[in-house]
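Student: Just so it is clear, I am handing over final_11.cif, which has mmCIF, C-alpha atoms and all ligand atoms; chains and numbers go by the auth columns.
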data_final
loop_
_atom_site.group_PDB
_atom_site.id
_atom_site.type_symbol
_atom_site.label_atom_id
_atom_site.label_comp_id
_atom_site.label_asym_id
_atom_site.label_seq_id
_atom_site.Cartn_x
_atom_site.Cartn_y
_atom_site.Cartn_z
_atom_site.B_iso_or_equiv
_atom_site.auth_seq_id
_atom_site.auth_asym_id
ATOM 1 C CA MET A 1 0.000 0.000 0.000 0.00 35 A
ATOM 2 C CA SER A 2 1.573 3.293 -1.032 0.00 36 A
ATOM 3 C CA ALA A 3 1.896 6.114 1.506 0.00 37 A
ATOM 4 C CA PRO A 4 -0.608 8.920 0.891 0.00 38 A
ATOM 5 C CA ASP A 5 0.442 12.521 0.170 0.00 39 A
ATOM 6 C CA ARG A 6 0.181 13.476 3.817 0.00 40 A
ATOM 7 C CA GLY A 7 0.500 17.268 3.409 0.00 41 A
ATOM 8 C CA GLY A 8 -2.324 17.660 0.884 0.00 42 A
ATOM 9 C CA LEU A 9 -4.536 15.089 2.527 0.00 43 A
ATOM 10 C CA SER A 10 -4.116 16.622 6.006 0.00 44 A
ATOM 11 C CA GLU A 11 -5.512 19.911 4.758 0.00 45 A
ATOM 12 C CA ARG A 12 -8.431 18.208 3.011 0.00 46 A
ATOM 13 C CA LEU A 13 -9.157 16.138 6.086 0.00 47 A
ATOM 14 C CA LEU A 14 -9.158 19.178 8.402 0.00 48 A
ATOM 15 C CA ARG A 15 -11.484 21.077 6.049 0.00 49 A
ATOM 16 C CA HIS A 16 -13.760 18.051 5.667 0.00 50 A
ATOM 17 C CA PHE A 17 -14.248 17.446 9.406 0.00 51 A
ATOM 18 C CA ALA A 18 -14.532 21.201 10.151 0.00 52 A
ATOM 19 C CA ASP A 19 -17.428 21.319 7.653 0.00 53 A
ATOM 20 C CA ARG A 20 -19.035 18.124 8.987 0.00 54 A
ATOM 21 C CA HIS A 21 -18.815 19.210 12.606 0.00 55 A
ATOM 22 C CA ARG A 22 -20.114 22.688 11.759 0.00 56 A
ATOM 23 C CA CYS A 23 -23.206 21.010 10.256 0.00 57 A
ATOM 24 C CA ASP A 24 -23.942 19.585 13.736 0.00 58 A
ATOM 25 C CA GLU A 25 -23.997 23.046 15.339 0.00 59 A
ATOM 26 C CA HIS A 26 -27.816 23.211 15.188 0.00 60 A
ATOM 27 C CA ILE A 27 -27.890 20.283 17.672 0.00 61 A
ATOM 28 C CA GLY A 28 -25.308 21.898 19.999 0.00 62 A
ATOM 29 C CA GLY A 29 -22.171 20.637 18.217 0.00 63 A
ATOM 30 C CA PRO A 30 -20.916 17.179 17.336 0.00 64 A
ATOM 31 C CA TYR A 31 -22.333 15.362 20.357 0.00 65 A
ATOM 32 C CA LYS A 32 -24.850 12.601 20.957 0.00 66 A
ATOM 33 C CA MET A 33 -25.754 9.934 23.482 0.00 67 A
ATOM 34 C CA THR A 34 -25.276 6.405 22.144 0.00 68 A
ATOM 35 C CA SER A 35 -26.230 2.994 23.550 0.00 69 A
ATOM 36 C CA ARG A 36 -22.741 2.756 25.121 0.00 70 A
ATOM 37 C CA GLY A 37 -22.084 6.319 26.264 0.00 71 A
ATOM 38 C CA ALA A 38 -21.464 9.762 24.842 0.00 72 A
ATOM 39 C CA TRP A 39 -20.090 10.705 21.456 0.00 73 A
ATOM 40 C CA ALA A 40 -17.843 13.765 21.222 0.00 74 A
ATOM 41 C CA THR A 41 -14.982 14.164 18.768 0.00 75 A
ATOM 42 C CA SER A 42 -11.222 14.369 19.159 0.00 76 A
ATOM 43 C CA ARG A 43 -9.662 17.463 17.529 0.00 77 A
ATOM 44 C CA PRO A 44 -8.143 16.339 14.223 0.00 78 A
ATOM 45 C CA GLU A 45 -5.587 19.197 14.299 0.00 79 A
ATOM 46 C CA ALA A 46 -4.247 17.809 17.585 0.00 80 A
ATOM 47 C CA LEU A 47 -4.274 14.201 16.389 0.00 81 A
ATOM 48 C CA LEU A 48 -2.236 14.958 13.266 0.00 82 A
ATOM 49 C CA VAL A 49 0.411 16.643 15.442 0.00 83 A
ATOM 50 C CA PHE A 50 0.399 13.799 17.988 0.00 84 A
ATOM 51 C CA PHE A 51 0.578 11.029 15.375 0.00 85 A
ATOM 52 C CA ARG A 52 3.452 12.763 13.594 0.00 86 A
ATOM 53 C CA GLU A 53 5.344 13.179 16.893 0.00 87 A
ATOM 54 C CA LEU A 54 4.763 9.503 17.737 0.00 88 A
ATOM 55 C CA GLY A 55 5.974 8.305 14.329 0.00 89 A
ATOM 56 C CA LEU A 56 2.726 6.388 13.829 0.00 90 A
ATOM 57 C CA GLU A 57 3.956 5.156 10.421 0.00 91 A
ATOM 58 C CA ARG A 58 6.246 2.709 12.315 0.00 92 A
ATOM 59 C CA TYR A 59 3.171 0.770 13.464 0.00 93 A
ATOM 60 C CA ASP A 60 1.140 -1.710 11.395 0.00 94 A
ATOM 61 C CA LEU A 61 -2.443 -1.448 12.607 0.00 95 A
ATOM 62 C CA PHE A 62 -4.187 1.319 14.538 0.00 96 A
ATOM 63 C CA GLY A 63 -7.509 0.644 16.268 0.00 97 A
ATOM 64 C CA ASP A 64 -9.900 3.281 17.626 0.00 98 A
ATOM 65 C CA LEU A 65 -12.099 1.812 20.367 0.00 99 A
ATOM 66 C CA GLY A 66 -15.376 3.708 20.026 0.00 100 A
ATOM 67 C CA CYS A 67 -14.528 5.521 16.784 0.00 101 A
ATOM 68 C CA GLY A 68 -17.549 7.845 16.536 0.00 102 A
ATOM 69 C CA ASP A 69 -17.609 9.415 13.056 0.00 103 A
ATOM 70 C CA GLY A 70 -14.147 8.064 12.219 0.00 104 A
ATOM 71 C CA VAL A 71 -12.141 11.254 12.700 0.00 105 A
ATOM 72 C CA ALA A 72 -9.236 9.568 14.537 0.00 106 A
ATOM 73 C CA VAL A 73 -9.242 6.591 12.130 0.00 107 A
ATOM 74 C CA CYS A 74 -9.021 8.954 9.141 0.00 108 A
ATOM 75 C CA CYS A 75 -6.153 10.894 10.786 0.00 109 A
ATOM 76 C CA ALA A 76 -4.314 7.634 11.582 0.00 110 A
ATOM 77 C CA ALA A 77 -4.840 6.390 8.016 0.00 111 A
ATOM 78 C CA LEU A 78 -2.488 9.126 6.789 0.00 112 A
ATOM 79 C CA PHE A 79 0.248 7.155 8.604 0.00 113 A
ATOM 80 C CA THR A 80 -0.790 3.487 8.687 0.00 114 A
ATOM 81 C CA ARG A 81 -3.752 1.108 8.285 0.00 115 A
ATOM 82 C CA ALA A 82 -6.573 1.941 10.686 0.00 116 A
ATOM 83 C CA VAL A 83 -9.729 0.282 11.985 0.00 117 A
ATOM 84 C CA GLY A 84 -12.587 1.801 13.985 0.00 118 A
ATOM 85 C CA ILE A 85 -15.031 -0.077 16.197 0.00 119 A
ATOM 86 C CA GLU A 86 -18.232 1.760 17.157 0.00 120 A
ATOM 87 C CA ALA A 87 -21.456 0.592 18.802 0.00 121 A
ATOM 88 C CA ASP A 88 -23.710 3.230 17.266 0.00 122 A
ATOM 89 C CA PRO A 89 -24.914 2.254 13.738 0.00 123 A
ATOM 90 C CA GLU A 90 -25.506 5.849 12.585 0.00 124 A
ATOM 91 C CA LEU A 91 -21.968 6.873 13.612 0.00 125 A
ATOM 92 C CA CYS A 92 -20.548 3.756 11.888 0.00 126 A
ATOM 93 C CA ARG A 93 -22.292 4.818 8.702 0.00 127 A
ATOM 94 C CA LYS A 94 -20.945 8.388 9.025 0.00 128 A
ATOM 95 C CA ALA A 95 -17.425 7.027 9.629 0.00 129 A
ATOM 96 C CA LEU A 96 -17.585 4.910 6.464 0.00 130 A
ATOM 97 C CA GLU A 97 -18.859 7.887 4.457 0.00 131 A
ATOM 98 C CA ASN A 98 -16.147 10.207 5.821 0.00 132 A
ATOM 99 C CA ALA A 99 -13.344 7.765 4.954 0.00 133 A
ATOM 100 C CA HIS A 100 -14.850 7.203 1.500 0.00 134 A
ATOM 101 C CA THR A 101 -15.160 10.945 0.771 0.00 135 A
ATOM 102 C CA LEU A 102 -11.521 11.444 1.791 0.00 136 A
ATOM 103 C CA GLY A 103 -10.344 8.605 -0.460 0.00 137 A
ATOM 104 C CA LEU A 104 -9.174 6.578 2.546 0.00 138 A
ATOM 105 C CA SER A 105 -11.351 3.483 2.058 0.00 139 A
ATOM 106 C CA ARG A 106 -8.411 1.218 1.194 0.00 140 A
ATOM 107 C CA ARG A 107 -6.489 2.114 4.363 0.00 141 A
ATOM 108 C CA THR A 108 -9.458 2.002 6.758 0.00 142 A
ATOM 109 C CA ALA A 109 -12.169 -0.367 7.974 0.00 143 A
ATOM 110 C CA PHE A 110 -15.096 0.129 10.345 0.00 144 A
ATOM 111 C CA VAL A 111 -16.919 -2.438 12.428 0.00 145 A
ATOM 112 C CA CYS A 112 -20.227 -1.807 14.142 0.00 146 A
ATOM 113 C CA GLY A 113 -20.264 -3.491 17.558 0.00 147 A
ATOM 114 C CA ASP A 114 -19.021 -3.437 21.140 0.00 148 A
ATOM 115 C CA PHE A 115 -15.225 -3.256 21.271 0.00 149 A
ATOM 116 C CA LEU A 116 -15.215 -5.397 24.423 0.00 150 A
ATOM 117 C CA ASP A 117 -16.401 -8.302 22.223 0.00 151 A
ATOM 118 C CA PHE A 118 -13.442 -8.093 19.806 0.00 152 A
ATOM 119 C CA ARG A 119 -9.953 -9.578 19.845 0.00 153 A
ATOM 120 C CA LEU A 120 -7.367 -6.848 20.223 0.00 154 A
ATOM 121 C CA ASP A 121 -4.211 -8.799 19.311 0.00 155 A
ATOM 122 C CA PRO A 122 -4.184 -7.767 15.598 0.00 156 A
ATOM 123 C CA PHE A 123 -3.571 -4.140 16.662 0.00 157 A
ATOM 124 C CA ASP A 124 -0.213 -2.709 17.687 0.00 158 A
ATOM 125 C CA VAL A 125 -1.689 0.723 18.493 0.00 159 A
ATOM 126 C CA LEU A 126 -4.960 1.207 20.336 0.00 160 A
ATOM 127 C CA TYR A 127 -6.544 4.621 20.705 0.00 161 A
ATOM 128 C CA ILE A 128 -9.443 5.710 22.875 0.00 162 A
ATOM 129 C CA TYR A 129 -11.184 8.973 23.704 0.00 163 A
ATOM 130 C CA PRO A 130 -12.927 7.574 26.756 0.00 164 A
ATOM 131 C CA ASP A 131 -16.389 8.610 27.821 0.00 165 A
ATOM 132 C CA LYS A 132 -16.250 6.597 31.062 0.00 166 A
ATOM 133 C CA PRO A 133 -13.750 4.739 33.297 0.00 167 A
ATOM 134 C CA LEU A 134 -11.622 2.223 31.439 0.00 168 A
ATOM 135 C CA ASP A 135 -11.656 -0.702 33.908 0.00 169 A
ATOM 136 C CA PRO A 136 -13.358 -3.388 31.713 0.00 170 A
ATOM 137 C CA LEU A 137 -11.016 -2.561 28.831 0.00 171 A
ATOM 138 C CA ILE A 138 -7.892 -2.619 31.016 0.00 172 A
ATOM 139 C CA GLU A 139 -8.683 -6.212 31.976 0.00 173 A
ATOM 140 C CA LYS A 140 -8.752 -7.063 28.259 0.00 174 A
ATOM 141 C CA LEU A 141 -5.392 -5.372 27.730 0.00 175 A
ATOM 142 C CA TYR A 142 -3.521 -7.794 30.016 0.00 176 A
ATOM 143 C CA GLY A 143 -1.303 -9.847 27.719 0.00 177 A
ATOM 144 C CA TRP A 144 -1.690 -7.398 24.803 0.00 178 A
ATOM 145 C CA SER A 145 1.473 -5.806 23.341 0.00 179 A
ATOM 146 C CA GLY A 146 1.510 -2.379 21.781 0.00 180 A
ATOM 147 C CA ILE A 147 1.010 1.286 22.599 0.00 181 A
ATOM 148 C CA PHE A 148 -2.233 2.383 24.184 0.00 182 A
ATOM 149 C CA LEU A 149 -3.128 6.019 23.496 0.00 183 A
ATOM 150 C CA VAL A 150 -5.611 7.826 25.720 0.00 184 A
ATOM 151 C CA TYR A 151 -7.021 11.192 24.579 0.00 185 A
ATOM 152 C CA GLY A 152 -7.862 13.733 27.263 0.00 186 A
ATOM 153 C CA PRO A 153 -7.155 13.771 30.983 0.00 187 A
ATOM 154 C CA HIS A 154 -10.514 12.574 32.352 0.00 188 A
ATOM 155 C CA PHE A 155 -10.213 8.777 32.584 0.00 189 A
ATOM 156 C CA PRO A 156 -6.585 7.683 33.067 0.00 190 A
ATOM 157 C CA PRO A 157 -6.278 3.862 32.973 0.00 191 A
ATOM 158 C CA GLU A 158 -5.745 2.463 36.476 0.00 192 A
ATOM 159 C CA GLY A 159 -2.597 0.346 36.872 0.00 193 A
ATOM 160 C CA LEU A 160 -0.845 1.405 33.638 0.00 194 A
ATOM 161 C CA LYS A 161 2.286 3.538 33.747 0.00 195 A
ATOM 162 C CA PRO A 162 2.434 6.407 31.220 0.00 196 A
ATOM 163 C CA LEU A 163 5.543 6.762 29.079 0.00 197 A
ATOM 164 C CA THR A 164 4.818 10.325 28.015 0.00 198 A
ATOM 165 C CA SER A 165 2.061 12.852 27.505 0.00 199 A
ATOM 166 C CA LEU A 166 1.785 15.005 24.377 0.00 200 A
ATOM 167 C CA THR A 167 -0.030 18.319 24.362 0.00 201 A
ATOM 168 C CA TRP A 168 -1.414 20.596 21.653 0.00 202 A
ATOM 169 C CA HIS A 169 -3.149 23.726 22.942 0.00 203 A
ATOM 170 C CA ARG A 170 -5.629 22.298 25.492 0.00 204 A
ATOM 171 C CA GLU A 171 -5.636 18.754 24.069 0.00 205 A
ATOM 172 C CA THR A 172 -3.556 15.924 25.527 0.00 206 A
ATOM 173 C CA LEU A 173 -2.635 12.404 24.494 0.00 207 A
ATOM 174 C CA THR A 174 -1.031 10.033 26.982 0.00 208 A
ATOM 175 C CA VAL A 175 1.014 7.080 25.786 0.00 209 A
ATOM 176 C CA TYR A 176 0.993 3.792 27.724 0.00 210 A
ATOM 177 C CA PRO A 177 3.322 1.058 26.476 0.00 211 A
ATOM 178 C CA CYS A 178 1.903 -2.426 27.118 0.00 212 A
ATOM 179 C CA GLY A 179 3.517 -5.886 27.118 0.00 213 A
ATOM 180 C CA ASP A 180 6.634 -6.272 24.917 0.00 214 A
ATOM 181 C CA GLU A 181 6.333 -2.645 23.834 0.00 215 A
ATOM 182 C CA ASN A 182 7.037 -1.673 27.449 0.00 216 A
ATOM 183 C CA ASP A 183 10.412 -3.468 27.295 0.00 217 A
ATOM 184 C CA ARG A 184 11.207 -2.189 23.800 0.00 218 A
ATOM 185 C CA LEU A 185 10.568 1.482 24.601 0.00 219 A
ATOM 186 C CA ALA A 186 12.459 1.201 27.885 0.00 220 A
ATOM 187 C CA ARG A 187 15.596 -0.029 26.030 0.00 221 A
ATOM 188 C CA PRO A 188 17.936 2.636 24.653 0.00 222 A
ATOM 189 C CA CYS A 189 17.860 2.611 20.823 0.00 223 A
HETATM 190 C C1 LIG B . -15.982 10.318 23.243 0.00 1 B
HETATM 191 S S1 LIG B . -16.496 9.445 21.791 0.00 1 B
HETATM 192 C C2 LIG B . -14.969 9.338 20.869 0.00 1 B
HETATM 193 C C3 LIG B . -15.175 9.188 19.381 0.00 1 B
HETATM 194 C C4 LIG B . -13.899 9.071 18.551 0.00 1 B
HETATM 195 N N1 LIG B . -13.034 8.042 19.055 0.00 1 B
HETATM 196 C C5 LIG B . -13.134 10.351 18.504 0.00 1 B
HETATM 197 O O1 LIG B . -12.019 10.368 19.043 0.00 1 B
HETATM 198 O O2 LIG B . -13.602 11.334 17.926 0.00 1 B
HETATM 199 C C6 LIG B . -16.700 7.775 22.448 0.00 1 B
HETATM 200 C C7 LIG B . -17.388 6.851 21.483 0.00 1 B
HETATM 201 O O3 LIG B . -17.203 5.505 21.947 0.00 1 B
HETATM 202 C C8 LIG B . -18.371 4.761 21.713 0.00 1 B
HETATM 203 N N2 LIG B . -18.334 3.635 22.659 0.00 1 B
HETATM 204 C C9 LIG B . -18.278 3.687 24.018 0.00 1 B
HETATM 205 N N3 LIG B . -18.196 2.440 24.552 0.00 1 B
HETATM 206 C C10 LIG B . -18.199 1.570 23.496 0.00 1 B
HETATM 207 C C11 LIG B . -18.113 0.150 23.383 0.00 1 B
HETATM 208 N N4 LIG B . -18.006 -0.622 24.468 0.00 1 B
HETATM 209 N N5 LIG B . -18.112 -0.404 22.155 0.00 1 B
HETATM 210 C C12 LIG B . -18.205 0.380 21.034 0.00 1 B
HETATM 211 N N6 LIG B . -18.306 1.730 21.078 0.00 1 B
HETATM 212 C C13 LIG B . -18.290 2.332 22.286 0.00 1 B
HETATM 213 C C14 LIG B . -19.498 5.758 21.937 0.00 1 B
HETATM 214 O O4 LIG B . -20.680 5.319 21.263 0.00 1 B
HETATM 215 C C15 LIG B . -18.888 7.037 21.353 0.00 1 B
HETATM 216 O O5 LIG B . -19.228 7.181 19.994 0.00 1 B
#
Is it possible to express this structure as structure tokens?

Tutor:
Amino acid sequence: MSAPDRGGLSERLLRHFADRHRCDEHIGGPYKMTSRGAWATSRPEALLVFFRELGLERYDLFGDLGCGDGVAVCCAALFTRAVGIEADPELCRKALENAHTLGLSRRTAFVCGDFLDFRLDPFDVLYIYPDKPLDPLIEKLYGWSGIFLVYGPHFPPEGLKPLTSLTWHRETLTVYPCGDENDRLARPC
């Protein structure tokens, strides 16, 4: 799979999601209650900075647990292959449409369902913008190897040790190495 033209696509992506999220202003912004919690969106400007700083292209498969309208999956797809799992069918449909409009269909996939029901071992990066405490997910992460990325400061995962925290304006992303990745990142290069 060839790498996309990241510069041009980043600008298109930012314009696309700015337009989409502006369309939701009549309902108070991009926000809705779903069967599993609350949908709000990560800031794509922040994600593009964070993913570049992390060198996301070094990883094989990015997964967004609760992907909403696919904004983080589309940002990640500028660097690597990316999959979103979302419980809400309308948001799944929007995510598919957004990736399609941006020409990212070949680097992305979306699954409608509960992420707690899925195997996580195919992923080497997991991302979440949590809308509630992460305890049930943390249990699932035991034995998983990769980097776990948590957007925002509200629900830090109990029992995991952060490697670093990235900031862009008021947005934060905290990086938790898990399993073998913990050993690898702790070793000097
Ligand atoms: C705060 S939003 C984040 C959306 C997206 N990841 C982003 O960064 O823009 C959380 C999303 O996770 C979904 N969600 C929460 N728990 C879930 C679960 N167990 N399985 C699937 N989706 C879930 C919600 O429906 C909601 O759309």

Student: Return as a JSON list (two decimals) with C-alpha atoms, keeping the file's coordinate frame every polymer residue, whether protein, DNA or RNA, with at least one atom no more than 7 Å from an atom of ligand LIG 1 (chain B); count only C-alpha atoms and all ligand atoms.

Tutor:
[["chain", "number", "residue", "atom", "x", "y", "z"],
["A", 68, "THR", "CA", -25.28, 6.40, 22.14],
["A", 69, "SER", "CA", -26.23, 2.99, 23.55],
["A", 70, "ARG", "CA", -22.74, 2.76, 25.12],
["A", 71, "GLY", "CA", -22.08, 6.32, 26.26],
["A", 72, "ALA", "CA", -21.46, 9.76, 24.84],
["A", 73, "TRP", "CA", -20.09, 10.70, 21.46],
["A", 74, "ALA", "CA", -17.84, 13.76, 21.22],
["A", 75, "THR", "CA", -14.98, 14.16, 18.77],
["A", 76, "SER", "CA", -11.22, 14.37, 19.16],
["A", 98, "ASP", "CA", -9.90, 3.28, 17.63],
["A", 99, "LEU", "CA", -12.10, 1.81, 20.37],
["A", 100, "GLY", "CA", -15.38, 3.71, 20.03],
["A", 101, "CYS", "CA", -14.53, 5.52, 16.78],
["A", 102, "GLY", "CA", -17.55, 7.84, 16.54],
["A", 103, "ASP", "CA", -17.61, 9.41, 13.06],
["A", 104, "GLY", "CA", -14.15, 8.06, 12.22],
["A", 105, "VAL", "CA", -12.14, 11.25, 12.70],
["A", 106, "ALA", "CA", -9.24, 9.57, 14.54],
["A", 119, "ILE", "CA", -15.03, -0.08, 16.20],
["A", 120, "GLU", "CA", -18.23, 1.76, 17.16],
["A", 121, "ALA", "CA", -21.46, 0.59, 18.80],
["A", 122, "ASP", "CA", -23.71, 3.23, 17.27],
["A", 125, "LEU", "CA", -21.97, 6.87, 13.61],
["A", 147, "GLY", "CA", -20.26, -3.49, 17.56],
["A", 148, "ASP", "CA", -19.02, -3.44, 21.14],
["A", 149, "PHE", "CA", -15.22, -3.26, 21.27],
["A", 150, "LEU", "CA", -15.22, -5.40, 24.42],
["A", 162, "ILE", "CA", -9.44, 5.71, 22.88],
["A", 163, "TYR", "CA", -11.18, 8.97, 23.70],
["A", 164, "PRO", "CA", -12.93, 7.57, 26.76],
["A", 165, "ASP", "CA", -16.39, 8.61, 27.82]]

Student: Using 3 Å of padding on each side, determine the axis-aligned box around all atoms of stretch 152-163 of chain A present in the file and give its centre and edge lengths in Å to one decimal, as lines of an AutoDock Vina configuration file.

Tutor:
center_x = -6.8
center_y = -0.3
center_z = 19.7
size_x = 19.2
size_y = 24.6
size_z = 14.1

Student: Just how far from atom CA of A:Pro187 is atom CA of A:Trp202, in Å to one decimal?

Tutor: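 Result for atom CA of A:Trp202 versus atom CA of A:Pro187: 12.9 Å, one decimal.
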
Student: Mind pulling up the distance from atom CA of A:Thr208 to atom CA of A:Gly186?

Tutor: 7.8 Å

Student: Within 10 Å of stretch 135-141 of chain A, counting all atoms listed in the file, which residues qualify if same-chain residues fewer than 5 places away don't, as a list in words?

Tutor: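 Listing them by chain and then by number gives Met35, Ser36, Ala37, Pro38, Leu43, Ser44, Arg46, Leu47, His50, Leu95, Val107, Cys108, Cys109, Ala110, Ala111, Leu112, Phe113, Thr114, Arg115, Ala116, Val117, Ala129 and Leu130 of chain A.
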
Student: What does the distance between atom CA of A:Tyr210 and atom CA of A:Leu48 come to in Å, to one decimal place?

Tutor: 26.7 Å

Student: Kindly indicate which residue among A:Leu200, A:Ala143, A:Cys126, A:Ala133 lies nearest to A:Phe85, using all atoms listed in the file for the distances.

Tutor: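 Of all the options, A:Leu200 lies closest to A:Phe85.
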
Student: Please list, as a ChimeraX atom specification, the residues that have an atom at most 12 Å away from (0.9, -2.5, 27.2) in the coordinates of this file, counting all atoms listed in the file.

Tutor: /A:154-155,157-160,172-183,191,193-197,209-219

Student: My list of candidates is A:Arg77, A:Lys166, A:Arg153, A:Lys66. Which is closest to A:Arg204 when distances are computed with all atoms listed in the file?

Tutor: A:Arg77
